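Contents: one structure, followed by commentary.
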Amino acid sequence: MTFEVGRTVAQRPGKASTVVAFHRNPVAMTAVAVLIGCAGVVPVLLSGYMLQLATDVLMFAALAYSWNIISGCTGYLSFGQVSFFGIGAYATSVLVIRAGIPWYAAAPIASALAGMIAALLGTVMLRLRGIMFALGMLGLSRILMVLSANWNFIGAAAGLTLPAELTPVAVYIAMWVVVVAAFGLNAFVLNSGWGLSVIGVRDDEVAAAAVGVPTARIKVMAFVMSALAPAAVGGLVAWNRSFIDPSSAFDPTLDLQVIVFALFGGIGTVWGPALGTVFLMLVGEQFWAYLPDLQLALYGGLVIAVVLAFPGGIVGLANRVGWLRRSPVLAPDKFPAVPSMPHSPPAVDETIIDVRELTVRFGGLVALDGITLSVRRGEMVSIIGANGAGKTTLFNAITGFVKPSEGGVFYLGKPVADIPSFERARQGIARTFQIPRLMETLTVWENTLLAARHSKRADNAVVQAAWALHVVKMDELWLEPTTKLSPGQQRRLEMARALALNPTIILLDEVMAGMTRDEQDEIRAVLRQFREYGVAAAAGVEHVISAIADISDRMIVLDHGRKIAEGSPETVLRDPLVIESYLGKVS
Amino acid sequence: MLGGQSATRGGAIFASLIAASALYATLPAKAADQPIVIGASISQTGPLAVDASYHLKGIQLAVADANAHGGWLGRKLELKVYDDQSNPGTGVRLYTRLITQDKVDLVIGPYSSGISQAVAPLTNKYERVMLMPGASLPAIFAPGNKWNFQSIAPATGYAEGLLPLAKANGAKKVAILQLQLAFTLACGQARLEQAKQLGMNVVYTTTYALPQPDFSSMALAIKNANPDAVLLCSYYPDAVGIAQALHRIGYTPQYLAETIGPAEAEFDKALGPIANGIISNTSWWPSLKTPDNGGFVSRYKAMFHEDPDYHVAATYSAMQVLGAAVAATKSLDQEKLRDWIASNEVQTVQGTFKSGPNGLATKFGQYLFQIQNGKRVLIWPLDLAEAKAEVPYAGH
Amino acid sequence: MILLQLVVNGVLLGGTYILLAQGLNLVFGVMGIVNLAHGAIITLAGLFTYWFVTETHLSPLLLLPPVFIVMLAAGGLLQRFLLEPLASLGRKGELLNLMVTFGLSYVLIETGLNAFGSQYVSLPNLQTTWEVGGLAINEALVAAGVLGALISGGLHLWLNYSDSGRSLLATSQNPTGAVTCGIDVRRVRGIAFAIGAALASAAGVLLILVIPLSAPTADTLTILSFVIVALGGLGDYRGAVMAALILGLVQSAVGYYLGGDAEVVVPYLLLITFMVVRPQGLGRAVR
């Protein structure tokens with residue numbers, strides 16, 4: 001998703017760092033704590049109407065933060081978060097009315113229930129593409145409205161009435177607790193190491209899996225997180241109104257407002273949802289009195305305007321003048337000193353990767369036809385062949401992004417057939433991509449850290465990431481956004497990412513493509529020494545044969561999905577069949 | 001000229017005059033000159049706006065009528081109205097504002113059962129009397145309700161004349177369909193009970209929900225069951241849809257009755273000739289011989305240049321009750337008003353207001369009208385009927 | 001006889017669904033955009049038709065050509081100014097497009113509310129019901145189905161046998177490839193959206209004779225259209241025909257045997273079932 005989410009703080013080498021990471025700045029943290037505390041205490045002094053307004057603002061802020069987690073941070077736009085609001089409202093009401101549980105216990109229980117439902121739903125729906133998920137959620141809120149109108153246990157269409165026991169002040173404080181929790185979850189996702197996985201999924205799910213992120217699980221967890229606050233809020237609102245029925249529980253205009261607030265404030269940011277909610281609700285209160293017939297149109301127009309003109313919302317605009325910028329996750333104040341880390345080659349078997357009779361078909365097209373090859377410990381194997389030979393498909397089959405139609409792939413002697421790609425990455429198969437797939441909203445550092453966190457050296461992830469960047473000589477660029485890198489630098493970052501995974505084998509997909517001579521030399525220098533980096537073997541698909549011929553131990557040639565030659569580079573490159581496959585027959 | 005001394009004295013006198021008038025201006029005006037402010041939150045935008053506009057106009061007419069006679073307790077009436085945008089949550093917030101911030105003297109209820117239901121706990125909490133002319137749903141007036149009073153005929157009575165009327169003409173089999181909304185379900189339940197008591201055979205019954213794009217299956221099921229009378233406890237789009245579906249399946253029962261929908265002006269335009277013969281319910285009619293009904297109708301016409309409907313009558317009569325209570329207790333004290341309203345009958349344009357258990361309205365009448373040749377005529381109760389019911393349902 | 005009538009009802013309902021959904025399919029197939037304003041366009045056209053007929057007492061069918069043409073132009077403009085700026089983002093822009101059409105739908109709904117009010121409206125034209133061999137067949141439903149069939153047939157012919165149509169297909173399958181063939185993909189995108197919107201408005205003109213429409217409930221039509229399109233396979237107009245008919249038949253049967261409230265959840269339950277079991281839908285198009 002390409003919403004402009006939060007520019008990061010970049011430090012210039014040589015210039016004294018004037019910006020300290022926000023959450024390590026005691027002054028800033030104290031200010032925020034005071035602000036949050038005041039928000040909790042002051043409105044208690046307000047009168048009935050203003051208190052009610054403040055409570056509504058808090059409610060929308062909590063909903064906006066929750067929407068932000070699944071839609072902004074994870075990249076799965078949801079048009080039906082009101083489903084959890086309604087589930088929470090009904091669950092709380094039923095617990096209170098039928099089980100006699102006090103409200104302050106009922107709301108958290110309802111929240112947990114919503115989380116469980118989200119887990120179930122998410123497992124099914126998050127397998128789908130973004131659009132299907134968005135519309136599936138839209139349909140879900142409708143289904144729930146109809147189902148609840150038919151279910152007598154929860155009052156069917158007549159709804160449920162609750163005894164009026166809560167004072168407005170109590171509701172306000174409870175709502176404030178929920179908002180703080182929602183804010184906390186949001187900040188956690190955007191600032192923690194675990195949260196990096198979520199953002200990785202958003203930016204590029206395929207690349208995330210390739211560096212070991214368990215994408216399916218992460219998505220479901222984020223979805224569950226996004227369901228908790230709306231459910232609690234729903235319960236509180238039901239209490240506040242002493243009444244709940246299907247149309248107020250699953251009211252679609254709630255979704256519209258929440259989306260507008262979060263978008264306007266800045267989707268995918270820490271402060272965006274709060275800023276957007278407070279601003280638009282307070283402005284709205286004054287505004288709608290003058291333009292009551294235009295509210296929906298103005299909200300709709302605002303959505304369009306934000307998407308087309310300033311996708312980052314208020315926070316995005318603030319970023320341009322240097323405010324509210326995101327600080328890179330787990331980045332020390334300056335680039336960590338890299339101790340000479342011993343990376344000894346792992347004690348593994350002779351054969352690292354074993355491909356046996358591998359056939360891959362896409363419909364009628366046979367991409368790979370009975371390929372058998374292996375990569376042995378200590379060697380660098382180059383795989384070459386004309387376009388369409390099946391080279392990338394081979395890598396995709398090894399790394400788990402493509403399913404074999406026949407035959408199998410074995411890693412360290414064990415079949416990988418049932419192992420998902422992210423698990424293969426964790427177990428030591430790293431790869432780069434033909435077109436670099438980098439996380440665009442993350443810095444160089446964070447891209448590498450994400451991989452390091454899923455390596456066998458995850459306990460020392462910061463050092464591991466620093467080491468990997470050091471190897472590819474990208475120390476100075478460590479806080480640059482990836483969008484500012486040249487193609488050569490992007491390639492090197494991909495390599496750093498692969499190394500950070502502490503892999504047993506690295507698969508390089510056309511790593512020399514589009515590189516200048518100097519850049520090629522830099523990569524060749526890294527490749528020559530791969531054994532010193534703890535990597536047992538390397539395999540590269542390549543077109544720029546001159547760049548890899550002298551560093552390869554063995555070369556394999558593919559043509560139309562079949563292996564046509566194998567041996568030392570000198571032998572293979574003189575093989576008439578190989579020459580013919582590239583250049584055609586000379587008649 | 002006396003110079004400095006007189007200037008000082010003059011200045012002092014001038015200053016004290018200013019101070020005195022400022023002081024006088026800040027004194028609270030005598031209670032008798034201040035208007036009585038009546039507050040309400042009415043849907044002026046959103047899906048309910050069209051019907052709610054009648055609700056509002058009834059209040060406005062009542063205020064104008066009262067002021068023409070010197071107001072209440074010698075004080076003029078003033079209306080303070082906010083727009084809840086057809087949203088219950090907004091309604092709650094606005095009534096809170098009216099009560100706690102604007103501190104209005106009296107409040108009157110919003111349009112629709114949905115918003116009334118959301119607002120009801122508020123008045124119980126703040127101990128304010130509220131007459132609710134928009135709340136036909138009986139469930140709002142449950143044990144625990146002390147301050148809200150229903151001032152429109154309850155939904156359980158909708159179309160209660162249909163089954164007896166049909167039975168008297170030989171009908172034995174009946175089909176009853178209910179929309180999944182609180183007040184249509186309340187109506188449906190009551191009618192099913194009634195059918196049982198009258199010994200009529202319910203050959204088909206179902207519930208359905210909006211939005212429903214297709215009624216053809218239910219129409220087919222009705223045709224298959226072949227009832228003499230078909231009653232829909234419906235709202236608006238389904239009243240149109242089912243009538244269309246029955247026509248498309250080529251079936252005409254003896255009696256076709258639908259609640260709510262046929263009262264709307266667009267109903268005829270949507271159905272054309274197949275609207276003729278459809279029977280519907282109402283809680284008020286211009287020809288009713290209730291006190292000053294004729295005057296009410298003509299004053300409304302003069303003020304708004306259109307005919308009033310039952311929504312207008314509901315709010316107007318609620319204001320009549322409120323006015324009677326204020327006059328009888330000679331105060332604006334909420335408790336006194338509440339006690340008086342709870343125990344007294346008031347004759348209104350809508351009939352007899354009498355509050356029963358938990359604030360339910362017990363004595364408002366229910367009437368049936370039928371569309372005949374594009375015009376709406378009262379057909380039940382028989383002693384008030386303007387014309388005989390046209391049977392069977394023409395459908396063309 | 002009941003069974004036969006159920007089948008007839010189901011097929012006629014399916015015809016209405018095809019009318020509803022084909023415009024959405026075209027836009028998605030070519031541009032990867034699910035136009036969330038689809039229902040609003042249908043509703044606005046229907047409300048306008050209602051106003052026109054009640055004012056002039058002319059036949060609503062007269063409106064089909066002018067409404068179609070006006071919406072072609074309006075759709076082209078909307079695409080040019082609201083969606084084209086996002087076109088360069090390709091696949092990644094999918095969700096952004098969703099947001100823009102989401103916002104657009106509310107602007108259109110508010111316009112409808114202000115121009116035509118919030119009430120449900122319908123028209124009594126084409127009310128004749130024919131008795132054919134004991135079966136009841138209604139004129140308005142047939143007209144809706146016929147228009148839906150014409151649209152589907154027209155789409156098939158146009159996409160497969162005309163240059164502009166084939167350019168559309170090419171662009172949907174491979175935008176970069178299409179450019180290298182000399183196809184002006186910007187124009188193609190504009191045309192696709194314009195036609196999709198125009199089809200939606202044509203649907204609205206006829207739909208007001210079939211069911212009551214109202215501005216506030218416009219998005220129900222969007223969801224229903226999306227269900228049909230998703231069931232058929234996003235972008236596959238043949239799949240959509242199959243899906244529409246199946247949905248119509250299933251709803252008809254469920255409504256008769258299980259009652260009204262069961263009938264209303266059928267589209268949504270089918271959608272969720274398909275999402276779990278066969279997300280690519282009934283058709284064979286792969287995107």
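Letters for chains follow the order of the structure tokens (A, B, ...), residue numbers begin at 1 for each chain, and ligand numbers begin at 1 in the order shown.
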
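Residues from chain B that have an atom within 6 Å of chain A, counting only C-alpha atoms, are Thr96, Arg97, Thr100, Gln180, Leu181 and Ala182 of chain B.
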
Residue list for chain C near chain B as a list of chain:residue names, 7 Å, only C-alpha atoms: C:Asn9, C:Ser118, C:Gln119, C:Tyr120, C:Val121, C:Ser122, C:Leu123, C:Pro124, C:Thr129, C:Ala136, C:Ile137, C:Asn138, C:Ile211, C:Pro212, C:Pro216, C:Ser252, C:Gly255, C:Tyr256, C:Gly259, C:Gly260, C:Asp261, C:Val264

Check every residue of chain A for an atom within 8 Å of chain C, counting only C-alpha atoms, and provide those that qualify as an mmCIF file with N, CA and C atoms, in the first residue's frame.
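Ended up saving to out35.cif:
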```
data_model
loop_
_atom_site.group_PDB
_atom_site.id
_atom_site.type_symbol
_atom_site.label_atom_id
_atom_site.label_comp_id
_atom_site.auth_asym_id
_atom_site.auth_seq_id
_atom_site.Cartn_x
_atom_site.Cartn_y
_atom_site.Cartn_z
ATOM 1 N N MET A 1 0.836 -1.187 0.000
ATOM 2 C CA MET A 1 0.000 0.000 0.000
ATOM 3 C C MET A 1 0.874 1.241 0.000
ATOM 4 N N THR A 2 0.452 2.207 -0.733
ATOM 5 C CA THR A 2 1.392 3.323 -0.872
ATOM 6 C C THR A 2 0.895 4.592 -0.233
ATOM 7 N N PHE A 3 0.153 4.481 0.834
ATOM 8 C CA PHE A 3 -0.089 5.704 1.582
ATOM 9 C C PHE A 3 1.242 6.181 2.117
ATOM 10 N N LEU A 77 -7.088 -2.925 4.156
ATOM 11 C CA LEU A 77 -8.187 -1.986 4.373
ATOM 12 C C LEU A 77 -9.444 -2.724 4.809
ATOM 13 N N VAL A 124 -9.491 -17.074 7.894
ATOM 14 C CA VAL A 124 -10.134 -17.311 6.605
ATOM 15 C C VAL A 124 -9.951 -16.126 5.669
ATOM 16 N N MET A 125 -10.285 -14.943 6.150
ATOM 17 C CA MET A 125 -10.393 -13.803 5.251
ATOM 18 C C MET A 125 -9.057 -13.165 4.904
ATOM 19 N N LEU A 128 -7.078 -13.796 1.625
ATOM 20 C CA LEU A 128 -7.513 -13.229 0.356
ATOM 21 C C LEU A 128 -6.745 -11.954 0.038
ATOM 22 N N GLY A 130 -6.245 -7.980 -0.869
ATOM 23 C CA GLY A 130 -6.720 -6.795 -0.170
ATOM 24 C C GLY A 130 -8.149 -6.417 -0.496
ATOM 25 N N ILE A 131 -8.485 -6.421 -1.765
ATOM 26 C CA ILE A 131 -9.831 -5.984 -2.149
ATOM 27 C C ILE A 131 -10.893 -6.927 -1.607
ATOM 28 N N LEU A 135 -13.951 -5.861 1.006
ATOM 29 C CA LEU A 135 -15.372 -6.007 0.715
ATOM 30 C C LEU A 135 -15.993 -7.114 1.545
ATOM 31 N N GLY A 136 -15.195 -8.128 1.876
ATOM 32 C CA GLY A 136 -15.714 -9.158 2.756
ATOM 33 C C GLY A 136 -16.108 -8.568 4.096
ATOM 34 N N LEU A 138 -17.014 -5.529 4.626
ATOM 35 C CA LEU A 138 -18.214 -4.716 4.402
ATOM 36 C C LEU A 138 -19.452 -5.597 4.469
ATOM 37 N N GLY A 139 -19.368 -6.734 3.759
ATOM 38 C CA GLY A 139 -20.492 -7.658 3.784
ATOM 39 C C GLY A 139 -20.724 -8.221 5.175
ATOM 40 N N LEU A 140 -19.640 -8.417 5.915
ATOM 41 C CA LEU A 140 -19.776 -9.009 7.245
ATOM 42 C C LEU A 140 -20.646 -8.157 8.149
ATOM 43 N N ILE A 143 -24.169 -8.760 7.245
ATOM 44 C CA ILE A 143 -24.672 -10.062 7.686
ATOM 45 C C ILE A 143 -24.980 -10.022 9.172
ATOM 46 N N VAL A 146 -28.218 -8.359 9.962
ATOM 47 C CA VAL A 146 -29.397 -9.180 9.676
ATOM 48 C C VAL A 146 -29.512 -10.331 10.665
ATOM 49 N N LEU A 147 -28.381 -10.990 10.949
ATOM 50 C CA LEU A 147 -28.422 -12.124 11.873
ATOM 51 C C LEU A 147 -28.894 -11.688 13.251
ATOM 52 N N ASN A 150 -32.455 -11.345 13.838
ATOM 53 C CA ASN A 150 -33.234 -12.568 13.853
ATOM 54 C C ASN A 150 -33.026 -13.413 15.096
ATOM 55 N N ASP A 293 -26.835 19.783 5.373
ATOM 56 C CA ASP A 293 -27.158 18.943 4.231
ATOM 57 C C ASP A 293 -25.948 18.466 3.467
ATOM 58 N N LEU A 294 -24.761 18.784 3.971
ATOM 59 C CA LEU A 294 -23.586 18.437 3.183
ATOM 60 C C LEU A 294 -22.625 17.522 3.904
ATOM 61 N N GLN A 295 -23.036 17.042 5.085
ATOM 62 C CA GLN A 295 -22.057 16.305 5.883
ATOM 63 C C GLN A 295 -21.465 15.104 5.157
ATOM 64 N N LEU A 296 -22.342 14.240 4.609
ATOM 65 C CA LEU A 296 -21.832 13.049 3.938
ATOM 66 C C LEU A 296 -20.947 13.420 2.758
ATOM 67 N N ALA A 297 -21.396 14.424 2.004
ATOM 68 C CA ALA A 297 -20.627 14.823 0.829
ATOM 69 C C ALA A 297 -19.259 15.357 1.237
ATOM 70 N N LEU A 298 -19.230 16.116 2.335
ATOM 71 C CA LEU A 298 -17.948 16.665 2.763
ATOM 72 C C LEU A 298 -17.018 15.566 3.250
ATOM 73 N N TYR A 299 -17.553 14.609 3.971
ATOM 74 C CA TYR A 299 -16.704 13.494 4.395
ATOM 75 C C TYR A 299 -16.160 12.756 3.185
ATOM 76 N N GLY A 300 -17.044 12.470 2.240
ATOM 77 C CA GLY A 300 -16.607 11.772 1.035
ATOM 78 C C GLY A 300 -15.555 12.573 0.286
ATOM 79 N N GLY A 301 -15.817 13.867 0.160
ATOM 80 C CA GLY A 301 -14.868 14.715 -0.543
ATOM 81 C C GLY A 301 -13.530 14.763 0.164
ATOM 82 N N LEU A 302 -13.572 14.752 1.488
ATOM 83 C CA LEU A 302 -12.334 14.776 2.263
ATOM 84 C C LEU A 302 -11.510 13.522 2.000
ATOM 85 N N VAL A 303 -12.186 12.375 1.932
ATOM 86 C CA VAL A 303 -11.469 11.136 1.643
ATOM 87 C C VAL A 303 -10.756 11.243 0.303
ATOM 88 N N ILE A 304 -11.491 11.707 -0.695
ATOM 89 C CA ILE A 304 -10.900 11.834 -2.035
ATOM 90 C C ILE A 304 -9.726 12.798 -1.998
ATOM 91 N N VAL A 307 -6.632 11.265 -0.331
ATOM 92 C CA VAL A 307 -5.975 10.235 -1.133
ATOM 93 C C VAL A 307 -5.219 10.844 -2.301
ATOM 94 N N LEU A 308 -5.828 11.824 -2.948
ATOM 95 C CA LEU A 308 -5.199 12.373 -4.153
ATOM 96 C C LEU A 308 -4.142 13.424 -3.856
#
```

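Contact shell of Ser234 of chain B at 7 Å (only C-alpha atoms; same-chain neighbours under 6 positions omitted): Gln178, Leu179, Thr184, Glu258, Thr259, Ile260 and Gly261 of chain B.
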
Could the residues in this selection be written to a file with C-alpha atoms, as a short mmCIF file (atom, residue, chain, number, x, y, z; two decimals), in the first residue's frame?
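Result written to selection21.cif:
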```
data_model
loop_
_atom_site.label_atom_id
_atom_site.label_comp_id
_atom_site.auth_asym_id
_atom_site.auth_seq_id
_atom_site.Cartn_x
_atom_site.Cartn_y
_atom_site.Cartn_z
CA GLN B 178 -43.93 -9.07 9.66
CA LEU B 179 -40.93 -6.89 8.99
CA THR B 184 -43.70 -4.00 13.23
CA GLU B 258 -50.32 -2.97 4.89
CA THR B 259 -49.25 -0.83 7.82
CA ILE B 260 -47.39 2.49 7.62
CA GLY B 261 -46.38 2.47 3.96
#
```

DSSP helix (DSSP H, G or I) residues within segment 15-204 of chain B, as JSON, numbers by chain: {"B": [15, 16, 17, 18, 19, 20, 21, 22, 23, 24, 25, 26, 31, 32, 33, 49, 50, 51, 52, 53, 54, 55, 56, 57, 58, 59, 60, 61, 62, 63, 64, 65, 66, 67, 68, 88, 89, 90, 91, 92, 93, 94, 95, 96, 97, 98, 99, 100, 101, 113, 114, 115, 116, 117, 118, 119, 120, 121, 122, 123, 124, 125, 126, 138, 139, 140, 155, 156, 157, 162, 163, 164, 165, 166, 167, 168, 182, 183, 184, 185, 186, 187, 188, 189, 190, 191, 192, 193, 194, 195, 196, 197, 198]}

Within 12 Å of Leu508 of chain A, counting only C-alpha atoms, which residues qualify if same-chain residues fewer than 6 places away don't, as a PDB file with C-alpha atoms, in the first residue's frame?
```pdb
ATOM      1  CA  MET A 380      29.133 -21.511  -5.344  1.00  0.00           C
ATOM      2  CA  VAL A 381      26.914 -22.783  -8.130  1.00  0.00           C
ATOM      3  CA  SER A 382      25.834 -20.593 -11.018  1.00  0.00           C
ATOM      4  CA  ILE A 383      22.681 -21.404 -12.919  1.00  0.00           C
ATOM      5  CA  ILE A 384      22.469 -19.902 -16.349  1.00  0.00           C
ATOM      6  CA  LYS A 391      15.670 -20.333 -13.583  1.00  0.00           C
ATOM      7  CA  THR A 392      13.546 -18.117 -11.378  1.00  0.00           C
ATOM      8  CA  LEU A 394      13.546 -23.116  -9.828  1.00  0.00           C
ATOM      9  CA  PHE A 395      14.384 -20.668  -7.067  1.00  0.00           C
ATOM     10  CA  ASN A 396      10.742 -20.091  -6.332  1.00  0.00           C
ATOM     11  CA  THR A 399      12.083 -21.201  -1.460  1.00  0.00           C
ATOM     12  CA  ILE A 429      17.430 -20.631   2.994  1.00  0.00           C
ATOM     13  CA  ALA A 430      17.846 -16.972   2.105  1.00  0.00           C
ATOM     14  CA  ARG A 431      17.203 -15.400  -1.254  1.00  0.00           C
ATOM     15  CA  THR A 432      17.341 -12.161  -3.161  1.00  0.00           C
ATOM     16  CA  PHE A 433      14.816 -11.142  -5.785  1.00  0.00           C
ATOM     17  CA  GLN A 434      15.208 -10.434  -9.451  1.00  0.00           C
ATOM     18  CA  ILE A 435      13.675  -6.998  -8.938  1.00  0.00           C
ATOM     19  CA  PRO A 436      14.619  -5.894  -5.433  1.00  0.00           C
ATOM     20  CA  ARG A 491      20.858  -4.881  -4.500  1.00  0.00           C
ATOM     21  CA  ARG A 492      23.437  -4.624  -1.754  1.00  0.00           C
ATOM     22  CA  GLU A 494      19.003  -7.250  -0.446  1.00  0.00           C
ATOM     23  CA  MET A 495      22.241  -9.070   0.113  1.00  0.00           C
ATOM     24  CA  ALA A 496      22.604  -7.586   3.571  1.00  0.00           C
ATOM     25  CA  ARG A 497      19.103  -8.727   4.318  1.00  0.00           C
ATOM     26  CA  ALA A 498      19.935 -12.228   3.160  1.00  0.00           C
ATOM     27  CA  LEU A 499      23.113 -12.288   5.256  1.00  0.00           C
ATOM     28  CA  ILE A 523      29.164  -7.717  -4.928  1.00  0.00           C
ATOM     29  CA  ARG A 524      31.757 -10.147  -6.261  1.00  0.00           C
ATOM     30  CA  LEU A 527      30.427 -13.362  -2.821  1.00  0.00           C
ATOM     31  CA  ALA A 537      26.830 -22.608   0.057  1.00  0.00           C
ATOM     32  CA  ALA A 538      25.584 -20.161  -2.506  1.00  0.00           C
ATOM     33  CA  ALA A 539      23.681 -20.474  -5.758  1.00  0.00           C
ATOM     34  CA  GLY A 540      23.098 -17.715  -8.257  1.00  0.00           C
ATOM     35  CA  VAL A 541      20.905 -17.362 -11.267  1.00  0.00           C
ATOM     36  CA  GLU A 542      22.673 -15.081 -13.656  1.00  0.00           C
ATOM     37  CA  HIS A 543      22.714 -13.549 -17.105  1.00  0.00           C
ATOM     38  CA  ILE A 548      30.194 -14.832 -12.083  1.00  0.00           C
TER      39      ILE A 548
END
```

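You will find atom CA of Ala210 of chain A at 22.8 Å from atom CA of Met515 of chain A.
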
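The interatomic distance for the pair atom CA of Ile183 of chain C and atom CA of Ala170 of chain C works out to 8.7 Å.
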
Residue neighbourhood Gly365 of chain B, 10 Å, only C-alpha atoms, exclusion window fewer than 2 positions, as number ranges by chain: B: 152-154, 157-158, 282-284, 350-353, 362-363, 367, 381

Any chance you can output those residues with C-alpha atoms as a short mmCIF file (atom, residue, chain, number, x, y, z; two decimals), in the first residue's frame?
```cif
data_model
loop_
_atom_site.label_atom_id
_atom_site.label_comp_id
_atom_site.auth_asym_id
_atom_site.auth_seq_id
_atom_site.Cartn_x
_atom_site.Cartn_y
_atom_site.Cartn_z
CA ILE B 152 -49.29 8.20 19.98
CA ALA B 153 -51.25 5.00 19.52
CA PRO B 154 -49.06 2.00 20.35
CA GLY B 157 -52.86 -1.68 17.98
CA TYR B 158 -51.96 -1.10 14.34
CA THR B 282 -53.71 5.40 11.04
CA SER B 283 -54.12 6.97 14.43
CA TRP B 284 -55.86 10.12 13.27
CA GLN B 350 -55.93 12.60 18.39
CA GLY B 351 -58.54 11.42 20.81
CA THR B 352 -58.38 10.76 24.55
CA PHE B 353 -54.95 10.88 26.12
CA THR B 362 -54.20 3.44 26.58
CA LYS B 363 -57.05 5.29 24.97
CA TYR B 367 -58.50 3.53 12.43
CA PRO B 381 -64.61 1.89 12.78
#
```

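For the pair atom CA of Gln117 of chain B and atom CA of Leu137 of chain B, the interatomic distance is 8.4 Å.
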
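If only C-alpha atoms are the atoms counted, then among B:Gly161, B:Gly39, B:Gly89, B:Gly356 the closest residue to Val104 of chain B is B:Gly39.
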